[in-house]
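Novice: Pasting work-v1.cif below, which is mmCIF, C-alpha atoms (C1' of nucleotides).
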```
data_upload
loop_
_atom_site.label_atom_id
_atom_site.label_comp_id
_atom_site.auth_asym_id
_atom_site.auth_seq_id
_atom_site.Cartn_x
_atom_site.Cartn_y
_atom_site.Cartn_z
CA MET H 149 40.78 1.29 -6.53
CA ALA H 150 42.36 -1.73 -8.22
CA THR H 151 39.35 -3.96 -8.61
CA PRO H 152 39.61 -7.04 -10.85
CA ARG H 153 37.16 -5.59 -13.38
CA ARG H 154 39.02 -2.34 -13.62
CA GLU H 155 42.24 -4.25 -14.20
CA HIS H 156 40.60 -6.42 -16.81
CA LEU H 157 39.25 -3.37 -18.63
CA ILE H 158 42.69 -1.76 -18.69
CA GLU H 159 44.32 -4.92 -20.01
CA THR H 160 41.70 -5.50 -22.69
CA ALA H 161 41.75 -1.87 -23.77
CA ALA H 162 45.56 -1.91 -23.88
CA ARG H 163 45.57 -4.93 -26.14
CA LEU H 164 43.03 -3.43 -28.55
CA PHE H 165 44.54 0.07 -28.56
CA ASN H 166 47.92 -1.48 -29.26
CA ALA H 167 46.70 -3.62 -32.13
CA HIS H 168 44.21 -1.28 -33.81
CA GLY H 169 44.85 2.24 -32.59
CA TYR H 170 42.91 4.55 -30.30
CA HIS H 171 40.27 6.18 -32.49
CA ALA H 172 39.72 2.93 -34.37
CA THR H 173 38.95 1.03 -31.17
CA GLY H 174 35.44 1.76 -29.95
CA ILE H 175 34.21 1.51 -26.39
CA ASP H 176 31.70 -1.13 -27.41
CA ARG H 177 34.40 -3.43 -28.71
CA ILE H 178 36.42 -3.12 -25.52
CA LEU H 179 33.31 -3.94 -23.50
CA ALA H 180 32.40 -6.90 -25.69
CA GLU H 181 35.89 -8.42 -25.52
CA ALA H 182 36.21 -7.76 -21.81
CA GLY H 183 32.72 -9.08 -21.10
CA VAL H 184 31.90 -6.05 -19.00
CA ALA H 185 28.87 -3.77 -18.96
CA LYS H 186 29.12 -0.21 -20.25
CA MET H 187 28.10 1.36 -16.97
CA THR H 188 30.90 -0.49 -15.21
CA LEU H 189 33.41 1.17 -17.50
CA TYR H 190 31.93 4.60 -16.98
CA ASN H 191 31.80 3.95 -13.27
CA HIS H 192 35.57 3.38 -13.22
CA PHE H 193 36.58 5.93 -15.88
CA ARG H 194 34.98 9.26 -16.61
CA SER H 195 35.57 9.03 -20.34
CA LYS H 196 37.40 7.16 -23.06
CA ASP H 197 40.29 9.60 -22.72
CA GLU H 198 40.57 8.72 -19.03
CA LEU H 199 40.68 5.05 -19.96
CA ILE H 200 43.42 5.77 -22.48
CA LEU H 201 45.39 7.61 -19.80
CA ALA H 202 44.98 4.69 -17.41
CA VAL H 203 46.18 2.32 -20.12
CA LEU H 204 49.24 4.48 -20.79
CA ARG H 205 50.08 4.76 -17.10
CA ARG H 206 49.91 1.00 -16.77
CA ARG H 207 51.93 0.51 -19.93
CA ASP H 208 54.61 2.88 -18.70
CA GLU H 209 55.09 0.79 -15.56
CA THR H 210 55.08 -2.62 -17.19
CA PHE H 211 57.18 -1.59 -20.16
CA ARG H 212 59.95 0.04 -18.16
CA ASN H 213 59.95 -2.69 -15.56
CA ARG H 214 60.21 -5.44 -18.14
CA LEU H 215 62.88 -3.55 -20.07
CA MET H 216 65.03 -2.90 -17.02
CA ARG H 217 64.67 -6.46 -15.79
CA ALA H 218 65.57 -7.92 -19.18
CA VAL H 219 68.52 -5.57 -19.59
CA GLU H 220 69.87 -6.36 -16.14
CA GLN H 221 69.54 -10.05 -16.84
CA ALA H 222 71.23 -9.78 -20.23
CA ALA H 223 74.36 -7.91 -19.21
CA ASP H 224 76.39 -7.01 -16.13
CA THR H 225 78.26 -3.81 -16.87
CA PRO H 226 76.54 -0.47 -17.54
CA ARG H 227 78.17 -0.25 -20.94
CA GLU H 228 77.00 -3.69 -21.96
CA ARG H 229 73.58 -2.90 -20.59
CA LEU H 230 73.28 0.15 -22.83
CA LEU H 231 73.81 -2.15 -25.77
CA ALA H 232 71.59 -4.88 -24.36
CA ILE H 233 68.68 -2.45 -24.63
CA PHE H 234 68.74 -3.02 -28.37
CA ASP H 235 68.72 -6.79 -27.98
CA VAL H 236 65.63 -6.48 -25.82
CA LEU H 237 64.08 -4.20 -28.43
CA GLY H 238 64.80 -6.84 -31.06
CA ASP H 239 62.96 -9.46 -29.03
CA TRP H 240 60.04 -7.08 -28.76
CA PHE H 241 60.02 -6.38 -32.50
CA ARG H 242 59.93 -10.09 -33.21
CA SER H 243 56.97 -10.73 -30.92
CA LYS H 244 53.64 -11.08 -32.67
CA ASP H 245 51.95 -8.36 -30.67
CA PHE H 246 54.43 -5.68 -31.70
CA HIS H 247 52.59 -2.78 -33.25
CA GLY H 248 55.02 0.03 -32.48
CA CYS H 249 55.27 2.08 -29.32
CA MET H 250 51.89 2.80 -27.75
CA PHE H 251 53.11 6.23 -26.67
CA ILE H 252 54.39 7.23 -30.08
CA ASN H 253 51.16 5.98 -31.60
CA ALA H 254 49.10 7.83 -29.00
CA SER H 255 50.97 11.04 -29.74
CA ALA H 256 50.30 10.53 -33.42
CA GLU H 257 46.57 10.45 -32.75
CA TYR H 258 46.42 12.97 -29.90
CA GLY H 259 49.27 15.30 -30.79
CA ALA H 260 47.90 18.62 -29.57
CA PRO H 261 50.38 20.45 -27.34
CA ASP H 262 47.81 20.66 -24.53
CA SER H 263 46.75 17.01 -24.80
CA ALA H 264 46.99 15.03 -21.56
CA ILE H 265 47.61 11.92 -23.63
CA ARG H 266 50.59 13.48 -25.39
CA ALA H 267 51.83 14.71 -22.00
CA ALA H 268 51.65 11.16 -20.63
CA SER H 269 53.72 9.96 -23.57
CA CYS H 270 56.20 12.73 -22.92
CA GLU H 271 56.50 11.67 -19.29
CA HIS H 272 57.08 8.04 -20.28
CA LYS H 273 59.90 9.05 -22.59
CA ARG H 274 61.36 11.26 -19.87
CA LEU H 275 61.46 8.36 -17.40
CA LEU H 276 62.99 6.09 -20.03
CA THR H 277 65.61 8.72 -20.78
CA SER H 278 66.44 8.91 -17.07
CA TYR H 279 67.13 5.21 -17.00
CA VAL H 280 69.37 5.41 -20.06
CA GLU H 281 71.17 8.41 -18.61
CA GLU H 282 71.81 6.50 -15.39
CA LEU H 283 73.41 3.71 -17.39
CA ALA H 284 75.42 6.24 -19.39
CA ARG H 285 76.70 7.89 -16.23
CA ASP H 286 77.60 4.56 -14.64
CA ALA H 287 79.35 3.58 -17.84
CA GLY H 288 81.59 6.60 -17.45
CA ALA H 289 80.28 8.82 -20.21
CA VAL H 290 81.73 12.31 -20.16
CA GLU H 291 78.33 13.82 -20.89
CA PRO H 292 75.77 11.23 -19.78
CA ALA H 293 72.77 13.35 -20.79
CA VAL H 294 74.12 13.81 -24.30
CA LEU H 295 74.83 10.11 -24.76
CA ALA H 296 71.44 9.20 -23.31
CA GLY H 297 69.72 11.61 -25.68
CA ALA H 298 71.49 10.08 -28.65
CA VAL H 299 70.71 6.53 -27.55
CA MET H 300 67.06 7.52 -27.07
CA LEU H 301 66.96 8.83 -30.63
CA LEU H 302 68.24 5.48 -31.85
CA ILE H 303 65.64 3.68 -29.74
CA GLU H 304 62.75 5.77 -31.08
CA GLY H 305 64.08 5.48 -34.60
CA ALA H 306 64.41 1.72 -34.34
CA ILE H 307 60.87 1.32 -33.01
CA VAL H 308 59.38 3.47 -35.76
CA SER H 309 61.42 1.83 -38.52
CA ALA H 310 60.59 -1.66 -37.33
CA GLN H 311 56.91 -0.79 -37.31
CA ILE H 312 56.76 0.91 -40.70
CA ASN H 313 58.94 -1.64 -42.48
CA CYS H 314 57.59 -4.71 -40.66
CA ASP H 315 61.21 -5.63 -40.12
CA CYS H 316 63.20 -6.20 -36.94
CA ALA H 317 66.56 -5.35 -38.51
CA PRO H 318 66.50 -1.79 -37.12
CA ALA H 319 67.27 -3.22 -33.69
CA ASP H 320 70.65 -4.47 -34.91
CA GLN H 321 71.30 -1.34 -36.96
CA ALA H 322 70.62 0.80 -33.93
CA LYS H 323 72.87 -1.38 -31.80
CA ARG H 324 75.78 -0.95 -34.19
CA ALA H 325 75.27 2.81 -34.21
CA ALA H 326 75.03 2.84 -30.43
CA GLU H 327 78.33 0.99 -30.16
CA THR H 328 80.04 3.75 -32.10
CA LEU H 329 78.40 6.51 -30.09
CA ILE H 330 79.20 4.86 -26.78
CA ALA H 331 82.82 4.29 -27.76
CA ALA H 332 83.12 7.95 -28.67
CA ALA H 333 81.41 9.15 -25.49
CA ILE H 334 83.41 7.15 -22.96
CA PRO H 335 87.10 7.89 -22.46
CA ALA H 336 89.34 4.89 -23.01
CA SER H 337 90.28 3.40 -19.65
CA MET Z 184 43.69 13.73 -63.98
CA ALA Z 185 45.12 16.74 -62.14
CA THR Z 186 42.08 19.00 -62.05
CA PRO Z 187 42.15 22.08 -59.81
CA ARG Z 188 39.45 20.69 -57.53
CA ARG Z 189 41.26 17.42 -57.08
CA GLU Z 190 44.43 19.31 -56.20
CA HIS Z 191 42.56 21.50 -53.76
CA LEU Z 192 41.00 18.48 -52.07
CA ILE Z 193 44.39 16.84 -51.67
CA GLU Z 194 45.91 19.98 -50.20
CA THR Z 195 43.05 20.59 -47.81
CA ALA Z 196 42.97 16.97 -46.72
CA ALA Z 197 46.73 16.98 -46.23
CA ARG Z 198 46.55 20.01 -43.97
CA LEU Z 199 43.77 18.53 -41.83
CA PHE Z 200 45.24 15.02 -41.66
CA ASN Z 201 48.55 16.55 -40.64
CA ALA Z 202 47.06 18.70 -37.90
CA HIS Z 203 44.42 16.38 -36.46
CA GLY Z 204 45.15 12.86 -37.63
CA TYR Z 205 43.43 10.57 -40.08
CA HIS Z 206 40.55 8.96 -38.17
CA ALA Z 207 39.85 12.22 -36.36
CA THR Z 208 39.42 14.10 -39.63
CA GLY Z 209 36.04 13.41 -41.18
CA ILE Z 210 35.18 13.64 -44.85
CA ASP Z 211 32.59 16.31 -44.10
CA ARG Z 212 35.16 18.61 -42.54
CA ILE Z 213 37.50 18.27 -45.51
CA LEU Z 214 34.61 19.10 -47.83
CA ALA Z 215 33.52 22.08 -45.76
CA GLU Z 216 37.02 23.58 -45.58
CA ALA Z 217 37.70 22.89 -49.23
CA GLY Z 218 34.31 24.22 -50.29
CA VAL Z 219 33.69 21.18 -52.46
CA ALA Z 220 30.65 18.93 -52.80
CA LYS Z 221 30.74 15.41 -51.48
CA MET Z 222 30.04 13.80 -54.84
CA THR Z 223 33.02 15.63 -56.31
CA LEU Z 224 35.28 13.96 -53.78
CA TYR Z 225 33.82 10.53 -54.43
CA ASN Z 226 34.06 11.17 -58.13
CA HIS Z 227 37.83 11.70 -57.82
CA PHE Z 228 38.54 9.17 -55.07
CA ARG Z 229 36.85 5.87 -54.49
CA SER Z 230 37.06 6.11 -50.72
CA LYS Z 231 38.63 7.98 -47.84
CA ASP Z 232 41.52 5.52 -47.88
CA GLU Z 233 42.17 6.38 -51.54
CA LEU Z 234 42.22 10.05 -50.60
CA ILE Z 235 44.69 9.32 -47.82
CA LEU Z 236 46.90 7.46 -50.30
CA ALA Z 237 46.74 10.37 -52.73
CA VAL Z 238 47.69 12.74 -49.91
CA LEU Z 239 50.65 10.56 -48.94
CA ARG Z 240 51.87 10.26 -52.53
CA ARG Z 241 51.74 14.02 -52.88
CA ARG Z 242 53.44 14.51 -49.54
CA ASP Z 243 56.21 12.11 -50.49
CA GLU Z 244 57.03 14.19 -53.57
CA THR Z 245 56.88 17.61 -51.96
CA PHE Z 246 58.67 16.56 -48.79
CA ARG Z 247 61.60 14.91 -50.50
CA ASN Z 248 61.89 17.64 -53.09
CA ARG Z 249 61.90 20.37 -50.49
CA LEU Z 250 64.34 18.47 -48.31
CA MET Z 251 66.78 17.79 -51.14
CA ARG Z 252 66.59 21.35 -52.40
CA ALA Z 253 67.16 22.82 -48.93
CA VAL Z 254 70.03 20.43 -48.24
CA GLU Z 255 71.73 21.23 -51.54
CA GLN Z 256 71.37 24.91 -50.87
CA ALA Z 257 72.69 24.64 -47.33
CA ALA Z 258 75.88 22.73 -48.02
CA ASP Z 259 78.19 21.82 -50.89
CA THR Z 260 79.97 18.60 -49.98
CA PRO Z 261 78.18 15.27 -49.49
CA ARG Z 262 79.45 15.03 -45.95
CA GLU Z 263 78.21 18.51 -45.04
CA ARG Z 264 74.94 17.73 -46.74
CA LEU Z 265 74.41 14.70 -44.56
CA LEU Z 266 74.66 16.99 -41.57
CA ALA Z 267 72.61 19.74 -43.19
CA ILE Z 268 69.68 17.34 -43.21
CA PHE Z 269 69.36 17.91 -39.49
CA ASP Z 270 69.42 21.68 -39.87
CA VAL Z 271 66.56 21.39 -42.33
CA LEU Z 272 64.73 19.13 -39.88
CA GLY Z 273 65.23 21.77 -37.19
CA ASP Z 274 63.60 24.40 -39.39
CA TRP Z 275 60.71 22.03 -39.94
CA PHE Z 276 60.32 21.34 -36.22
CA ARG Z 277 60.18 25.06 -35.53
CA SER Z 278 57.47 25.71 -38.10
CA LYS Z 279 53.99 26.10 -36.68
CA ASP Z 280 52.48 23.38 -38.84
CA PHE Z 281 54.81 20.69 -37.56
CA HIS Z 282 52.82 17.80 -36.20
CA GLY Z 283 55.28 14.98 -36.74
CA CYS Z 284 55.82 12.92 -39.86
CA MET Z 285 52.61 12.23 -41.76
CA PHE Z 286 53.91 8.78 -42.70
CA ILE Z 287 54.84 7.78 -39.18
CA ASN Z 288 51.48 9.07 -37.98
CA ALA Z 289 49.67 7.23 -40.77
CA SER Z 290 51.44 4.01 -39.85
CA ALA Z 291 50.42 4.53 -36.24
CA GLU Z 292 46.75 4.63 -37.29
CA TYR Z 293 46.88 2.11 -40.13
CA GLY Z 294 49.60 -0.25 -38.97
CA ALA Z 295 48.32 -3.56 -40.31
CA PRO Z 296 51.01 -5.40 -42.29
CA ASP Z 297 48.73 -5.61 -45.33
CA SER Z 298 47.67 -1.96 -45.18
CA ALA Z 299 48.26 0.02 -48.38
CA ILE Z 300 48.69 3.14 -46.25
CA ARG Z 301 51.47 1.56 -44.23
CA ALA Z 302 53.02 0.32 -47.46
CA ALA Z 303 53.01 3.86 -48.85
CA SER Z 304 54.79 5.05 -45.72
CA CYS Z 305 57.29 2.25 -46.13
CA GLU Z 306 57.97 3.31 -49.71
CA HIS Z 307 58.48 6.92 -48.68
CA LYS Z 308 61.04 5.90 -46.10
CA ARG Z 309 62.75 3.67 -48.66
CA LEU Z 310 63.12 6.56 -51.09
CA LEU Z 311 64.39 8.83 -48.35
CA THR Z 312 66.90 6.18 -47.34
CA SER Z 313 68.09 5.96 -50.96
CA TYR Z 314 68.83 9.67 -50.95
CA VAL Z 315 70.75 9.46 -47.69
CA GLU Z 316 72.65 6.44 -48.96
CA GLU Z 317 73.62 8.33 -52.09
CA LEU Z 318 75.03 11.11 -49.95
CA ALA Z 319 76.81 8.58 -47.76
CA ARG Z 320 78.40 6.91 -50.78
CA ASP Z 321 79.47 10.24 -52.28
CA ALA Z 322 80.90 11.20 -48.91
CA GLY Z 323 83.15 8.16 -49.09
CA ALA Z 324 81.55 5.96 -46.48
CA VAL Z 325 82.98 2.46 -46.38
CA GLU Z 326 79.50 0.98 -45.98
CA PRO Z 327 77.08 3.60 -47.34
CA ALA Z 328 73.99 1.50 -46.63
CA VAL Z 329 74.98 1.03 -43.01
CA LEU Z 330 75.68 4.73 -42.48
CA ALA Z 331 72.46 5.66 -44.25
CA GLY Z 332 70.49 3.27 -42.06
CA ALA Z 333 71.97 4.78 -38.93
CA VAL Z 334 71.33 8.33 -40.11
CA MET Z 335 67.75 7.38 -40.93
CA LEU Z 336 67.28 6.07 -37.40
CA LEU Z 337 68.46 9.42 -36.06
CA ILE Z 338 66.10 11.24 -38.43
CA GLU Z 339 63.08 9.17 -37.36
CA GLY Z 340 64.04 9.44 -33.73
CA ALA Z 341 64.44 13.21 -33.96
CA ILE Z 342 61.05 13.63 -35.63
CA VAL Z 343 59.27 11.51 -33.04
CA SER Z 344 61.05 13.13 -30.10
CA ALA Z 345 60.36 16.62 -31.36
CA GLN Z 346 56.69 15.77 -31.74
CA ILE Z 347 56.20 14.10 -28.38
CA ASN Z 348 58.23 16.63 -26.40
CA CYS Z 349 57.08 19.69 -28.33
CA ASP Z 350 60.74 20.59 -28.52
CA CYS Z 351 63.03 21.13 -31.49
CA ALA Z 352 66.22 20.26 -29.60
CA PRO Z 353 66.27 16.68 -30.99
CA ALA Z 354 67.39 18.12 -34.33
CA ASP Z 355 70.64 19.34 -32.78
CA GLN Z 356 71.05 16.21 -30.67
CA ALA Z 357 70.67 14.07 -33.76
CA LYS Z 358 73.13 16.23 -35.67
CA ARG Z 359 75.78 15.76 -33.00
CA ALA Z 360 75.25 12.02 -33.03
CA ALA Z 361 75.38 11.99 -36.82
CA GLU Z 362 78.72 13.81 -36.76
CA THR Z 363 80.19 11.03 -34.66
CA LEU Z 364 78.73 8.28 -36.82
CA ILE Z 365 79.89 9.94 -40.04
CA ALA Z 366 83.37 10.47 -38.72
CA ALA Z 367 83.58 6.81 -37.80
CA ALA Z 368 82.16 5.62 -41.12
CA ILE Z 369 84.42 7.61 -43.45
CA PRO Z 370 88.15 6.82 -43.58
CA ALA Z 371 90.35 9.82 -42.80
CA SER Z 372 91.62 11.31 -46.03
"C1'" DT I 91 23.09 26.28 -79.80
"C1'" DA I 92 23.16 21.54 -78.46
"C1'" DG I 93 25.55 18.04 -75.86
"C1'" DG I 94 28.54 16.10 -72.51
"C1'" DA I 95 31.39 16.37 -68.73
"C1'" DT I 96 31.80 18.20 -64.27
"C1'" DA I 97 30.15 20.29 -60.20
"C1'" DT I 98 26.53 21.48 -57.00
"C1'" DA I 99 23.17 21.03 -52.85
"C1'" DG I 100 20.98 18.19 -50.03
"C1'" DA I 101 18.56 14.32 -48.57
"C1'" DC I 102 19.34 9.77 -47.22
"C1'" DA I 103 20.92 5.09 -45.61
"C1'" DG I 104 23.00 2.48 -42.33
"C1'" DA I 105 26.39 2.03 -39.30
"C1'" DT I 106 29.02 3.55 -35.40
"C1'" DC I 107 30.49 6.70 -31.92
"C1'" DT I 108 30.51 8.39 -26.82
"C1'" DG I 109 27.97 8.85 -22.97
"C1'" DT I 110 23.50 8.54 -20.00
"C1'" DA I 111 19.40 6.64 -17.86
"C1'" DT I 112 16.87 2.97 -15.75
"C1'" DA I 113 15.62 -1.10 -13.76
"C1'" DG I 114 16.99 -5.42 -12.19
"C1'" DT I 115 20.63 -8.77 -10.34
"C1'" DT I 116 24.43 -10.66 -7.90
"C1'" DC I 117 27.04 -11.05 -3.78
"C1'" DG I 118 29.62 -10.27 0.32
"C1'" DT I 119 28.83 -8.68 5.03
"C1'" DC I 120 26.56 -7.45 9.12
"C1'" DG B 288 17.49 -12.38 6.19
"C1'" DA B 289 18.51 -7.41 5.19
"C1'" DC B 290 21.37 -3.85 3.55
"C1'" DG B 291 24.44 -1.74 0.27
"C1'" DA B 292 27.83 -1.76 -3.17
"C1'" DA B 293 29.00 -3.35 -7.50
"C1'" DC B 294 27.60 -5.12 -11.75
"C1'" DT B 295 24.44 -6.29 -15.75
"C1'" DA B 296 21.35 -5.63 -19.55
"C1'" DT B 297 19.22 -2.72 -22.46
"C1'" DA B 298 17.38 1.10 -24.35
"C1'" DC B 299 18.26 5.59 -25.62
"C1'" DA B 300 20.03 10.25 -27.04
"C1'" DG B 301 22.47 12.83 -30.07
"C1'" DA B 302 26.14 13.21 -32.78
"C1'" DT B 303 29.13 11.68 -36.43
"C1'" DC B 304 30.88 8.52 -39.73
"C1'" DT B 305 31.39 6.86 -44.81
"C1'" DG B 306 29.23 6.43 -48.89
"C1'" DT B 307 25.04 6.74 -52.28
"C1'" DC B 308 21.37 8.83 -54.81
"C1'" DT B 309 18.94 12.42 -57.25
"C1'" DA B 310 18.04 16.46 -59.39
"C1'" DT B 311 19.91 20.77 -60.78
"C1'" DA B 312 23.38 23.95 -62.48
"C1'" DT B 313 27.56 25.38 -64.71
"C1'" DC B 314 30.80 25.46 -68.37
"C1'" DC B 315 33.59 24.05 -72.22
"C1'" DT B 316 33.42 22.44 -76.83
"C1'" DA B 317 31.80 21.03 -81.18
#
```
Any chance you could give the structure as C-alpha cells?
Specialist:
Amino acid sequence: MATPRREHLIETAARLFNAHGYHATGIDRILAEAGVAKMTLYNHFRSKDELILAVLRRRDETFRNRLMRAVEQAADTPRERLLAIFDVLGDWFRSKDFHGCMFINASAEYGAPDSAIRAASCEHKRLLTSYVEELARDAGAVEPAVLAGAVMLLIEGAIVSAQINCDCAPADQAKRAAETLIAAAIPAS
Amino acid sequence: MATPRREHLIETAARLFNAHGYHATGIDRILAEAGVAKMTLYNHFRSKDELILAVLRRRDETFRNRLMRAVEQAADTPRERLLAIFDVLGDWFRSKDFHGCMFINASAEYGAPDSAIRAASCEHKRLLTSYVEELARDAGAVEPAVLAGAVMLLIEGAIVSAQINCDCAPADQAKRAAETLIAAAIPAS
DNA sequence: TAGGATATAGACAGATCTGTATAGTTCGTC
DNA sequence: GACGAACTATACAGATCTGTCTATATCCTA
C-alpha cells in the first residue's frame, strides 16, 4: 500500500497543490516534478480526484500531528495551550511555503455539497475542532463546545486573512481575541 | 463603458464563478449562458483575468452596499449594528446561491503575492474592515482598529466554516463571540 | 442613405487537460 | 536463469482551454 513511489507522488502533489491550487496543477506537472511515469500514477490512484483525496488525508494527519506537538511543546496548561495555537499559526504564516489552508482552498475549488473533497475538508475541520474542544474542556470552560467553536472561527479567520493580505499579523490579532473569549468562558478560580 | 452586454457578461460570469469556481468555469460556458459572441467578450475585456477583475470589482460594490444597507435597516445603534452584521451573514449563508466568499475563493485559486486578483480581494477586505472600524469607533471602542480586526476574523471564519460544513450555524456562533469581544472592548457607560 | 461602431457566427490555432493503450525494462525472489 | 510485479516511455484519444481571425449583420447617427 505505502510504496515509496506512492509516497513520493503524494508529497510532490501536495507541494504543487498547496503552491498553485488544484485545477491549476496538471497531472503532467506532478509527474514531471516527481520523476514518475503516468501509468504509475494511475496504477496507484484511479483519478486526479483520488490523488487529491489522498493528499488531503495525508495533510490532515501531518498538520494535526505537527500542530499538537508544537502546542504541547510551547505550553503546559490547557489554557496556555489554547493560546499557543495562535503562536504556532504565526510560525506557519511566516514560513515561505504558506499558501493558506489546503482544505479551505480545496473547498473553494470543489465546493459542491456532494463533493468528496469538500467532505474531506469538513472532516479535517471536525477533528481539529475536537482537539480544541478537548483543550477547552481541560481548561475548565463552562461550555467547551462553544469556546472551541469560537476559537475555530478565529483560527479560520486568521488563516484566510494572512493569506489574502500576505501578512502574518492576524495570528497575533486572533490571539488577543482568543484571550478575551477564553477569559470570559472560564470561571475565575 | 457600461454597455448592456458588458453588464450582462459580468453578471453571468459572476454567477458561474461563484457557483463553480474560476478555473473550472470556461470562457465558452460564460458565453453560452450569456448568449454573447466570443469576440464581444474579448472586445470588452482583454483576457479572462480582466473579466475576473471586473467581476470582483462589481461584487465588491454590490456586496458592501447590500451589507451596509441591511445592517442599517436591522439595527439603529453602532453597537447593535456590529452584531447585526452576523444576522445578515446568516441570511446570506441560508440563501441557495451561497458558495462562500468570492474573494476568499479567488485568493485560493490565484494566491500568488503579485496576483492582481489576490490584490483585489485584499482591497475588498480592507474596505470592509474600514466599515467595521467605523462602527467600532462610533460604538465607543477604546481601540476601534483592534475590535474591527477581531470582528473581521470572526466574519471570515464564519464564512469559511459555513461553506466547508454546509451549515449556517457559524453565523450565530460568531455573533456570540462578537458580543463578548464588543463588551470587553467598550467601556461600560 | 451612407458610414461607423458594435455584435454576430464560426472556424481556427496552439496549448493543455485527464485518462488509456502498448510495448519494453528493471528488479527482487524463487 | 526464470517468473512476475512494478515501473518506464511514448503515443494516443478526445475533450477543453484561451485567444485570434474573418466575414457578415445589425443598428444608431449624421
Novice: Can you tell me, as a PyMOL selection string, what residues are no more than 12 Å from DA95 (chain I) when counting only C-alpha atoms (C1' of nucleotides), ignoring any on the same chain fewer than 3 positions away?
Specialist: chain B and resi 313-316
Novice: Sorted by chain and rising residue number, which residues of chain H lie within 6 Å of chain Z, and what are their closest atom pairs and distances in Å to one decimal, counting all atoms listed in the file, as a Markdown table?
Specialist:
```
| residue | atom | partner | partner_atom | distance |
| --- | --- | --- | --- | --- |
| H:Gly169 | CA | Z:Glu292 | CA | 5.6 |
| H:Asn253 | CA | Z:Ala291 | CA | 4.9 |
| H:Ala256 | CA | Z:Asn288 | CA | 4.9 |
| H:Glu257 | CA | Z:Gly204 | CA | 5.6 |
| H:Cys270 | CA | Z:Asn348 | CA | 5.6 |
| H:Leu301 | CA | Z:Gly340 | CA | 4.3 |
| H:Leu302 | CA | Z:Leu336 | CA | 5.7 |
| H:Glu304 | CA | Z:Gly340 | CA | 4.7 |
| H:Gly305 | CA | Z:Gly340 | CA | 4.1 |
| H:Ile312 | CA | Z:Cys305 | CA | 5.6 |
| H:Asn313 | CA | Z:Cys305 | CA | 5.6 |
```
Novice: Report, in Å with one decimal, the straight-line distance from CA of Leu250 (chain Z) to CA of Arg189 (chain Z).
Specialist: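 Distance reported for this atom pair: 24.7 Å.
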Novice: Mind listing as a list in words which residues of chain B are within 12 Å of chain Z, counting only C-alpha atoms (C1' of nucleotides)?
Specialist: DT303, DC304, DT305, DG306, DT307, DC308 and DT309 of chain B
Novice: Using the chain letters and numbering of this document, enumerate as a ChimeraX atom specification the residues selected by the PyMOL selection byres ((chain I) within 12 of (chain H)).
Specialist: /I:106-112
Novice: What's the separation between CA of Asp243 (chain Z) and CA of Leu214 (chain Z), in Å to one decimal place?
Specialist: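 Pair CA of Asp243 (chain Z) / CA of Leu214 (chain Z) returns 22.9 Å.
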Novice: When the PyMOL selection byres ((chain B and resi 292-294) around 12) is applied to the structure above, which residues does it catch, written out as a ChimeraX atom specification?
Specialist: /H:151-154,183-192 /I:114-119 /B:290-291,295-296
Novice: Could you write out as JSON the box around region 341-345 of chain Z (axis-aligned, all atoms listed in the file, 5 Å on each side), with centre and edge lengths in Å to one decimal?
Specialist:
```
{"center_x": 61.9, "center_y": 14.1, "center_z": -32.9, "size_x": 15.2, "size_y": 15.1, "size_z": 15.5}
```
Novice: Check what the PyMOL selection byres ((chain H and resi 216) around 10) selects in the file above and give those residues as a list in words.
Specialist: Thr210, Phe211, Arg212, Asn213, Arg214, Leu215, Arg217, Ala218, Val219, Glu220, Gln221, Ala222, Arg229, Ile233, Val236, Leu276, Tyr279 and Val280 of chain H
Novice: For the atom pair CA of Leu266 (chain Z) and CA of Arg285 (chain H), what is the interatomic distance in Å to one decimal place?
Specialist: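 Between CA of Leu266 (chain Z) and CA of Arg285 (chain H) the gap works out to 27.0 Å.
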Novice: I need every residue sitting at most 10 Å from the point (83.2, 7.1, -21.2) (coordinates as in the file, only C-alpha atoms (C1' of nucleotides) considered), written as a PDB file with C-alpha atoms, keeping the file's coordinate frame.
Specialist:
```pdb
ATOM      1  CA  ARG H 227      78.170  -0.250 -20.940  1.00  0.00           C
ATOM      2  CA  ALA H 284      75.420   6.240 -19.390  1.00  0.00           C
ATOM      3  CA  ARG H 285      76.700   7.890 -16.230  1.00  0.00           C
ATOM      4  CA  ASP H 286      77.600   4.560 -14.640  1.00  0.00           C
ATOM      5  CA  ALA H 287      79.350   3.580 -17.840  1.00  0.00           C
ATOM      6  CA  GLY H 288      81.590   6.600 -17.450  1.00  0.00           C
ATOM      7  CA  ALA H 289      80.280   8.820 -20.210  1.00  0.00           C
ATOM      8  CA  VAL H 290      81.730  12.310 -20.160  1.00  0.00           C
ATOM      9  CA  GLU H 291      78.330  13.820 -20.890  1.00  0.00           C
ATOM     10  CA  PRO H 292      75.770  11.230 -19.780  1.00  0.00           C
ATOM     11  CA  LEU H 295      74.830  10.110 -24.760  1.00  0.00           C
ATOM     12  CA  ILE H 330      79.200   4.860 -26.780  1.00  0.00           C
ATOM     13  CA  ALA H 331      82.820   4.290 -27.760  1.00  0.00           C
ATOM     14  CA  ALA H 332      83.120   7.950 -28.670  1.00  0.00           C
ATOM     15  CA  ALA H 333      81.410   9.150 -25.490  1.00  0.00           C
ATOM     16  CA  ILE H 334      83.410   7.150 -22.960  1.00  0.00           C
ATOM     17  CA  PRO H 335      87.100   7.890 -22.460  1.00  0.00           C
ATOM     18  CA  ALA H 336      89.340   4.890 -23.010  1.00  0.00           C
ATOM     19  CA  SER H 337      90.280   3.400 -19.650  1.00  0.00           C
TER      20      SER H 337
END
```
